[in-house]
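*Asks:* Handing you a structure now.
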Amino acid sequence: MTPDRPAKTILVVEDEPDTSIFLSNLLTANGFCPVCAATLAEGLKKAADACPDLIIINAMLPGEAGIRLYQSIRTNDRLCHIPVVMLSTLDSRTFYRCPGAKRSPTGRHIPEPEAYLQKPPEADELLTVVNRLCAACSTNLGDPE
C-alpha cells in the first residue's frame, strides 16, 4: 500500500476461529484492513456498514448460511458489485451441485463468485487472488493506479 492510498477493506465471514485469525493476520500483514464476522446476519450487517472492497466467505457456514449469504450479497443492489472469494472444503464442482449454489430462493440466477479456493487456502494463492480482485475492482471504479 502506498501512503496516499487507503488499505482495502476485506470482509471475512468465517465461523472457525483458527481460520478467521489466520485470514485476518495474513491480510493485515499484507496491507489490508480485515473486518471479521462469524454468521450470516453479522456478515450482512458488516457488509452493509463497511461496504468492503472484497468479501471472503466460508461457503460451509452452518445451515447453508454461506450459500445464503452469497445469494443475499448477489441480489442486493448495494452489495452485488463487490467481488467474492468463496472458501470451502468441497471442490468447486461438488459445491456447485449443492441446491441453491446457482439460484436464489426466488429462482433468480446467481453468478459464480469471482474466485473459489479450497480450505485451508495457501497463503500465497489467497493473496494472489485478493490482490488481483482488488486491483480489478479499483480499475473498474476508475481509481488511479
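Numbering starts fresh at 1 for the residues of each chain in the C-alpha cells, the chains themselves are lettered A, B, ... in the order given, and ligands are numbered from 1 as they appear.
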Running DSSP on the backbone, which parts of chain A land in helix (DSSP H, G or I), as number ranges by chain?
*Replies:* A: 17-29, 40-50, 62-74, 92-95, 123-140
*Asks:* Would you please give, as a PyMOL selection string, all residues of chain A that DSSP assigns to strand (DSSP E or B) based on the backbone?
*Replies:* chain A and resi 9-13+33-37+54-58+84-88+103+109+115-118
*Asks:* Taking N, CA, C and O atoms for each residue, export the selection above as a compact mmCIF listing (two decimals), in the first residue's frame.
*Replies:*
# COMPACT_ATOMS: atom_id res chain seq x y z
N THR A 9 -10.47 -2.68 2.33
CA THR A 9 -11.22 -3.36 3.39
C THR A 9 -11.70 -4.70 2.87
O THR A 9 -12.32 -4.76 1.80
N ILE A 10 -11.42 -5.74 3.62
CA ILE A 10 -11.82 -7.10 3.24
C ILE A 10 -12.69 -7.67 4.35
O ILE A 10 -12.25 -7.77 5.50
N LEU A 11 -13.93 -8.02 4.02
CA LEU A 11 -14.81 -8.67 4.98
C LEU A 11 -14.55 -10.17 4.92
O LEU A 11 -14.60 -10.77 3.85
N VAL A 12 -14.25 -10.75 6.07
CA VAL A 12 -14.01 -12.19 6.19
C VAL A 12 -15.16 -12.78 7.00
O VAL A 12 -15.33 -12.43 8.18
N VAL A 13 -15.95 -13.64 6.38
CA VAL A 13 -17.06 -14.28 7.08
C VAL A 13 -16.69 -15.75 7.26
O VAL A 13 -16.76 -16.55 6.33
N CYS A 33 -7.16 -4.23 5.36
CA CYS A 33 -7.89 -3.96 6.60
C CYS A 33 -9.02 -4.98 6.72
O CYS A 33 -10.10 -4.78 6.15
N PRO A 34 -8.80 -6.09 7.42
CA PRO A 34 -9.85 -7.09 7.54
C PRO A 34 -10.93 -6.69 8.56
O PRO A 34 -10.65 -6.07 9.57
N VAL A 35 -12.16 -7.06 8.22
CA VAL A 35 -13.31 -6.92 9.12
C VAL A 35 -13.89 -8.32 9.21
O VAL A 35 -14.19 -8.93 8.18
N CYS A 36 -14.01 -8.86 10.42
CA CYS A 36 -14.42 -10.26 10.58
C CYS A 36 -15.85 -10.40 11.08
O CYS A 36 -16.33 -9.59 11.86
N ALA A 37 -16.51 -11.44 10.59
CA ALA A 37 -17.86 -11.81 11.01
C ALA A 37 -17.89 -13.33 11.07
O ALA A 37 -17.14 -14.00 10.36
N LEU A 54 -13.80 -6.26 -0.92
CA LEU A 54 -13.80 -7.69 -1.24
C LEU A 54 -14.42 -8.43 -0.06
O LEU A 54 -14.29 -7.98 1.09
N ILE A 55 -15.07 -9.55 -0.34
CA ILE A 55 -15.65 -10.38 0.72
C ILE A 55 -15.13 -11.81 0.56
O ILE A 55 -15.17 -12.36 -0.55
N ILE A 56 -14.66 -12.38 1.65
CA ILE A 56 -14.25 -13.78 1.69
C ILE A 56 -15.27 -14.51 2.55
O ILE A 56 -15.51 -14.12 3.69
N ILE A 57 -15.90 -15.56 1.99
CA ILE A 57 -16.96 -16.29 2.69
C ILE A 57 -16.61 -17.76 2.81
O ILE A 57 -16.24 -18.39 1.82
N ASN A 58 -16.78 -18.29 4.02
CA ASN A 58 -16.72 -19.74 4.20
C ASN A 58 -18.04 -20.28 3.65
O ASN A 58 -19.10 -20.07 4.24
N VAL A 84 -16.29 -11.54 -4.61
CA VAL A 84 -16.39 -12.53 -3.54
C VAL A 84 -15.44 -13.69 -3.81
O VAL A 84 -15.36 -14.19 -4.92
N VAL A 85 -14.74 -14.09 -2.74
CA VAL A 85 -13.93 -15.31 -2.75
C VAL A 85 -14.63 -16.29 -1.83
O VAL A 85 -14.86 -16.00 -0.66
N MET A 86 -15.00 -17.44 -2.37
CA MET A 86 -15.61 -18.49 -1.57
C MET A 86 -14.52 -19.46 -1.14
O MET A 86 -13.67 -19.84 -1.95
N LEU A 87 -14.57 -19.86 0.13
CA LEU A 87 -13.66 -20.87 0.66
C LEU A 87 -14.50 -22.07 1.06
O LEU A 87 -15.56 -21.91 1.66
N SER A 88 -14.03 -23.27 0.74
CA SER A 88 -14.78 -24.46 1.10
C SER A 88 -13.87 -25.67 1.14
O SER A 88 -12.88 -25.74 0.41
N ARG A 103 -28.81 -20.58 -7.77
CA ARG A 103 -30.14 -19.96 -7.88
C ARG A 103 -30.57 -19.44 -6.51
O ARG A 103 -30.36 -20.09 -5.50
N HIS A 109 -31.09 -16.35 -11.20
CA HIS A 109 -29.75 -16.91 -11.43
C HIS A 109 -28.72 -16.14 -10.60
O HIS A 109 -28.74 -14.92 -10.54
N ALA A 115 -13.86 -15.89 -7.31
CA ALA A 115 -12.83 -16.89 -7.03
C ALA A 115 -13.38 -17.93 -6.06
O ALA A 115 -14.27 -17.64 -5.26
N TYR A 116 -12.85 -19.13 -6.15
CA TYR A 116 -13.24 -20.24 -5.30
C TYR A 116 -11.96 -20.97 -4.92
O TYR A 116 -11.22 -21.43 -5.79
N LEU A 117 -11.68 -21.03 -3.62
CA LEU A 117 -10.48 -21.70 -3.14
C LEU A 117 -10.85 -22.77 -2.13
O LEU A 117 -11.76 -22.58 -1.32
N GLN A 118 -10.13 -23.89 -2.18
CA GLN A 118 -10.37 -24.94 -1.19
C GLN A 118 -9.68 -24.59 0.11
O GLN A 118 -8.63 -23.95 0.13
*Asks:* So what do you get for atom CA of A:Asp18 versus atom CA of A:Pro120, distance-wise?
*Replies:*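 Pair atom CA of A:Asp18 / atom CA of A:Pro120 returns 10.6 Å.
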*Asks:* Tell me which of A:Gln71, A:Ser20, A:Ile82, A:Ala29 sits closest to A:Ala136, counting only C-alpha atoms.
*Replies:*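 Looking only at the distances to A:Ala136, the closest residue turns out to be A:Ile82.
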*Asks:* Interatomic distance between atom CA of A:Thr39 and atom CA of A:Cys137?
*Replies:* 25.3 Å
*Asks:* In Å, how far is it from atom CA of A:Asn76 to atom CA of A:Leu23?
*Replies:*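 One can read the atom CA of A:Asn76 to atom CA of A:Leu23 distance as 25.3 Å.
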*Asks:* Using only C-alpha atoms, which of the listed residues (A:Arg78, A:Lys119, A:Arg108, A:Arg68) sits closest to A:Asp91?
*Replies:*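 Selected residue with least distance to A:Asp91: A:Lys119.
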*Asks:* From the set A:Met60, A:Ala47, A:Ala38, A:Gly66, which residue has the shortest atom-to-atom contact distance to A:Cys80, counting only C-alpha atoms?
*Replies:*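 For A:Cys80, the nearest of the candidates is A:Ala47.
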*Asks:* Counting only C-alpha atoms, what are the residues of stretch 11-41 of chain A within 10 Å of stretch 126-132 of chain A, and for each of them which pair of atoms is the nearest and at what distance in Å, to one decimal? Sort the table by chain and rising number, as a tab-separated table.
*Replies:*
residue	atom	partner	partner_atom	distance
A:Leu23	CA	A:Leu126	CA	9.2
A:Leu26	CA	A:Leu127	CA	8.4
A:Leu27	CA	A:Leu127	CA	7.8
A:Asn30	CA	A:Leu127	CA	8.2
A:Phe32	CA	A:Val130	CA	9.6
*Asks:* Can I get the selection written as a PDB file, in the first residue's frame, with N, CA, C and O atoms?
*Replies:*
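And here is the file that came out, again-v5.pdb:
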ATOM      1  N   LEU A  23      -6.700 -15.800   8.500  1.00  0.00           N
ATOM      2  CA  LEU A  23      -7.022 -14.893   7.403  1.00  0.00           C
ATOM      3  C   LEU A  23      -6.826 -13.432   7.809  1.00  0.00           C
ATOM      4  O   LEU A  23      -6.251 -12.638   7.056  1.00  0.00           O
ATOM      5  N   LEU A  26      -3.051 -12.701   8.075  1.00  0.00           N
ATOM      6  CA  LEU A  26      -2.450 -12.698   6.742  1.00  0.00           C
ATOM      7  C   LEU A  26      -2.802 -11.408   5.995  1.00  0.00           C
ATOM      8  O   LEU A  26      -1.931 -10.764   5.400  1.00  0.00           O
ATOM      9  N   LEU A  27      -4.067 -11.025   6.028  1.00  0.00           N
ATOM     10  CA  LEU A  27      -4.497  -9.811   5.329  1.00  0.00           C
ATOM     11  C   LEU A  27      -3.864  -8.567   5.951  1.00  0.00           C
ATOM     12  O   LEU A  27      -3.374  -7.690   5.230  1.00  0.00           O
ATOM     13  N   ASN A  30      -0.312  -7.985   5.074  1.00  0.00           N
ATOM     14  CA  ASN A  30      -0.100  -7.644   3.670  1.00  0.00           C
ATOM     15  C   ASN A  30      -0.809  -6.354   3.266  1.00  0.00           C
ATOM     16  O   ASN A  30      -1.081  -6.127   2.090  1.00  0.00           O
ATOM     17  N   PHE A  32      -3.849  -5.021   4.130  1.00  0.00           N
ATOM     18  CA  PHE A  32      -5.303  -4.934   4.010  1.00  0.00           C
ATOM     19  C   PHE A  32      -5.918  -4.658   5.379  1.00  0.00           C
ATOM     20  O   PHE A  32      -5.273  -4.844   6.408  1.00  0.00           O
TER      21      PHE A  32
END
*Asks:* Counting only C-alpha atoms, which residue out of A:Ala123, A:Ala135, A:Leu44, A:Ile21 sits closest to A:Thr75?
*Replies:*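 Distance minimum relative to A:Thr75 lands on A:Leu44.
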